[in-house]
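**Student:** First, the structure itself, so that you have it in front of you.
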Amino acid sequence: MRKQLFLKTESRRLVTKPTDTIEIERDNQDENTPEIKRPRGRPQNRSDAETKHLILQTATHVLLENGYTATRMETVAREAGVAKRTIYRFWTTKSELLAAIVAERGEQIASRVDAFLQTIHPESLDHLGLKHALEHILSEFAHLVLSDQTVAFYRLVTAEALNFPEVARAFYREGPSRSSAMVARFLEQQEKRGLIKLDNSKIAATMLLGMVTAEPFRIATLGLASVPEDREIEERVAMAAALFLEGCSIRSANSG
């Protein structure tokens, strides 16, 4: 009976994974035969900053799609294409991850505002310059707050706030609190320069931001209307800045 099992003289290749192959070379392979290279599936080389940004972008999508409670670190890791331990190397809890998402978005606005303020010469900032600067700052924050993503995040946080108070604290600390603190510092600087007069810069900052964003944000959050268009936002910014500066200008304070 002819033996049915025999060794082939040709090269054989065993496939173990779609991306990995193992070459079994024949003994009498011709030197001129092109070498078949093994595909490599090594991880991409990223900096920590790039990896964190990738995770935060992915986590944003997963959180908004699934909600806070249903989101798992395993899901974020899989969608981002990283190991779960990589996420835990940066953030140990899901609430820390959410805080980092809000902080990154706030940092983007803060860096743009800081860059703008550095272009203003303190000694040459007159009333018209102050109005222009204030409008620019308010516009940056208004476009951040009055966005579909911020509205979605706010709904997510408020839905989970009672069960996960650390989530609410993180959102408020890195979002509204940070924004008002930056505006308050700007107002304090202008007060020191003698351009405006305020009793409490921190309260004034929250009132100023509220004039621009509170009503349209409330309506959008309730689903009664979409977030305003850019033109409407700029109109609200200009009106709020004019009303605010009229009320706290040195001239108004002296006349009162």
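Lettering and numbering for the structure tokens are positional, with chains as A, B, ... in the shown order, residues counted from 1 in each chain, and ligands counted from 1 in the shown order.
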Which residues, written as a list in words, have at least one atom at most 12 Å from Ala103 in chain A, with only C-alpha atoms counted and residues fewer than 6 positions away on the same chain left out?
**Tutor:** His53, Leu56, Glu96, Leu97, Ile109, Ala110, Ser111, Ala170, Phe171, Tyr172, Arg173, Glu174, Gly175, Pro176, Ser177, Arg178 and Ser179 of chain A
**Student:** Name the residues in contact with Lys94 in chain A at a cut-off of 9 Å, using only C-alpha atoms, excluding same-chain residues fewer than 4 positions from it; report them as a list in words.
**Tutor:** Tyr68, Thr71, Arg72, Met73, Leu98, Ala99 and Val167 of chain A
**Student:** Show me, as an MDAnalysis selection string, the residues that have an atom within 8 Å of Ala168 in chain A when counting only C-alpha atoms, minus same-chain residues fewer than 6 positions from it.
**Tutor:** chainID A and resid 157:158 160:161
**Student:** Please produce an output containing all heavy atoms for each residue in the selection, written as a PDB file, in the first residue's frame.
**Tutor:**
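Contents of the output file result_14.pdb:
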```pdb
ATOM      1  N   VAL A 157     -23.514  63.879  32.721  1.00  0.00           N
ATOM      2  CA  VAL A 157     -23.078  64.128  34.101  1.00  0.00           C
ATOM      3  C   VAL A 157     -24.266  64.318  35.033  1.00  0.00           C
ATOM      4  O   VAL A 157     -24.302  63.767  36.141  1.00  0.00           O
ATOM      5  CB  VAL A 157     -22.147  65.355  34.152  1.00  0.00           C
ATOM      6  CG1 VAL A 157     -21.881  65.771  35.595  1.00  0.00           C
ATOM      7  CG2 VAL A 157     -20.835  65.043  33.447  1.00  0.00           C
ATOM      8  N   THR A 158     -25.247  65.106  34.611  1.00  0.00           N
ATOM      9  CA  THR A 158     -26.399  65.340  35.484  1.00  0.00           C
ATOM     10  C   THR A 158     -27.201  64.059  35.717  1.00  0.00           C
ATOM     11  O   THR A 158     -27.782  63.876  36.795  1.00  0.00           O
ATOM     12  CB  THR A 158     -27.316  66.421  34.892  1.00  0.00           C
ATOM     13  OG1 THR A 158     -27.657  66.079  33.532  1.00  0.00           O
ATOM     14  CG2 THR A 158     -26.647  67.776  34.914  1.00  0.00           C
ATOM     15  N   GLU A 160     -25.942  61.170  36.090  1.00  0.00           N
ATOM     16  CA  GLU A 160     -25.193  60.286  36.988  1.00  0.00           C
ATOM     17  C   GLU A 160     -24.741  60.988  38.263  1.00  0.00           C
ATOM     18  O   GLU A 160     -24.119  60.368  39.119  1.00  0.00           O
ATOM     19  CB  GLU A 160     -23.942  59.756  36.261  1.00  0.00           C
ATOM     20  CG  GLU A 160     -24.205  59.051  34.942  1.00  0.00           C
ATOM     21  CD  GLU A 160     -24.860  57.705  35.128  1.00  0.00           C
ATOM     22  OE1 GLU A 160     -25.009  57.273  36.292  1.00  0.00           O
ATOM     23  OE2 GLU A 160     -25.233  57.081  34.118  1.00  0.00           O
ATOM     24  N   ALA A 161     -25.067  62.264  38.416  1.00  0.00           N
ATOM     25  CA  ALA A 161     -24.493  63.069  39.504  1.00  0.00           C
ATOM     26  C   ALA A 161     -24.826  62.530  40.888  1.00  0.00           C
ATOM     27  O   ALA A 161     -23.963  62.500  41.774  1.00  0.00           O
ATOM     28  CB  ALA A 161     -24.953  64.515  39.379  1.00  0.00           C
TER      29      ALA A 161
END
```
**Student:** From the DSSP assignment of the backbone, select every residue of range 193-254 of chain A that is alpha helix (DSSP H), and format the answer as a PyMOL selection string.
**Tutor:** chain A and resi 201-221+230-248+250-254
